[in-house]
Amino acid sequence: MNSKFETLKASVQEIIDLIVAKNNREANNKLLEVSEVLDEMIDFAEEDEEVREISRYQVLLNQLHVKINGEEEVDGDA
């Protein structure tokens with residue numbers, strides 16, 4: 001389980017680095033890619049702890065999305 005989250009952590013760090021570098025287009029592309037991975041992971045998660053960890057990453061990605069796009073809500077309901 002840990003290797004999946006190590007990869008996620010590295011990907012999130014990459015998004016943060018791209019935001020810092022003001023490369024919002026690439027940051028957004030990477031964010032969408034990581035979001036898809038998280039969606040797949042949650043579909044196959046078997047343990048509660050895994051679901052909680054995935055949820056934490058989803059919250060973090062939502063915050064990064066707001067930072068990149070300046071929107072309040074990711075799903076477009078804003």
# chains A, B, ... in the order shown; residues from 1 in each chain; ligands from 1
$ residues_around --residues "Leu8 in chain A" --least-positions-apart "6" --cutoff "9 Å" --atoms "only C-alpha atoms" --output "number ranges by chain"
A: 34, 37-38, 57
$ write_last_selection --atoms "C-alpha atoms" --output "short mmCIF file (atom, residue, chain, number, x, y, z; two decimals), in the first residue's frame"
data_model
loop_
_atom_site.label_atom_id
_atom_site.label_comp_id
_atom_site.auth_asym_id
_atom_site.auth_seq_id
_atom_site.Cartn_x
_atom_site.Cartn_y
_atom_site.Cartn_z
CA VAL A 34 -3.56 12.51 -10.24
CA VAL A 37 -5.54 7.91 -10.30
CA LEU A 38 -7.25 8.72 -6.98
CA TYR A 57 -5.28 13.46 -1.03
#
$ select_by_dssp --residues "chain A" --states "helix (DSSP H, G or I)" --output "number ranges by chain"
A: 2-20, 24-44, 48-69
$ atom_distance --atom1 "CA of Asp17 in chain A" --atom2 "CA of Val51 in chain A"
25.9 Å
$ residues_around --residues "Gln58 in chain A" --least-positions-apart "5" --cutoff "10 Å" --atoms "only C-alpha atoms" --output "NGL selection string"
:A and (34-35 or 38-39 or 52-53 or 63-64)
$ closest_residue --among "A:Ile54, A:Asn28, A:Val66, A:Glu49" --to "Lys9 in chain A" --atoms "only C-alpha atoms"
A:Ile54
$ closest_residue --among "A:Glu14, A:Asn2, A:Thr7, A:Leu31" --to "Asn62 in chain A" --atoms "only C-alpha atoms"
A:Leu31
$ decode --residues "range 7-52 of chain A" --atoms "C-alpha atoms" --output "short mmCIF file (atom, residue, chain, number, x, y, z; two decimals), in the first residue's frame"
data_model
loop_
_atom_site.label_atom_id
_atom_site.label_comp_id
_atom_site.auth_asym_id
_atom_site.auth_seq_id
_atom_site.Cartn_x
_atom_site.Cartn_y
_atom_site.Cartn_z
CA THR A 7 4.01 7.87 -5.79
CA LEU A 8 1.00 10.07 -4.99
CA LYS A 9 3.04 12.16 -2.62
CA ALA A 10 5.69 12.70 -5.31
CA SER A 11 3.01 13.65 -7.84
CA VAL A 12 1.42 16.16 -5.45
CA GLN A 13 4.86 17.65 -4.80
CA GLU A 14 5.31 17.97 -8.55
CA ILE A 15 2.00 19.88 -8.78
CA ILE A 16 3.11 22.20 -5.96
CA ASP A 17 6.47 22.79 -7.68
CA LEU A 18 4.68 23.65 -10.93
CA ILE A 19 2.40 26.11 -9.09
CA VAL A 20 5.44 27.75 -7.48
CA ALA A 21 7.05 27.97 -10.92
CA LYS A 22 3.84 29.69 -12.13
CA ASN A 23 3.30 26.91 -14.66
CA ASN A 24 -0.43 26.63 -14.04
CA ARG A 25 -1.29 24.81 -17.26
CA GLU A 26 1.12 21.95 -16.50
CA ALA A 27 0.09 21.98 -12.83
CA ASN A 28 -3.55 21.64 -13.85
CA ASN A 29 -2.77 18.80 -16.29
CA LYS A 30 -0.85 16.93 -13.59
CA LEU A 31 -3.65 17.57 -11.10
CA LEU A 32 -6.23 16.06 -13.47
CA GLU A 33 -3.98 13.05 -14.00
CA VAL A 34 -3.56 12.51 -10.24
CA SER A 35 -7.31 12.97 -9.70
CA GLU A 36 -8.01 10.14 -12.13
CA VAL A 37 -5.54 7.91 -10.30
CA LEU A 38 -7.25 8.72 -6.98
CA ASP A 39 -10.68 7.93 -8.45
CA GLU A 40 -9.40 4.53 -9.57
CA MET A 41 -7.72 3.91 -6.23
CA ILE A 42 -10.87 4.65 -4.26
CA ASP A 43 -12.84 2.22 -6.44
CA PHE A 44 -10.47 -0.58 -5.46
CA ALA A 45 -9.67 0.44 -1.88
CA GLU A 46 -10.34 -2.41 0.52
CA GLU A 47 -9.33 -0.99 3.88
CA ASP A 48 -10.80 1.97 5.73
CA GLU A 49 -7.34 3.38 6.31
CA GLU A 50 -6.71 3.34 2.56
CA VAL A 51 -9.98 5.18 1.92
CA ARG A 52 -9.09 7.79 4.56
#
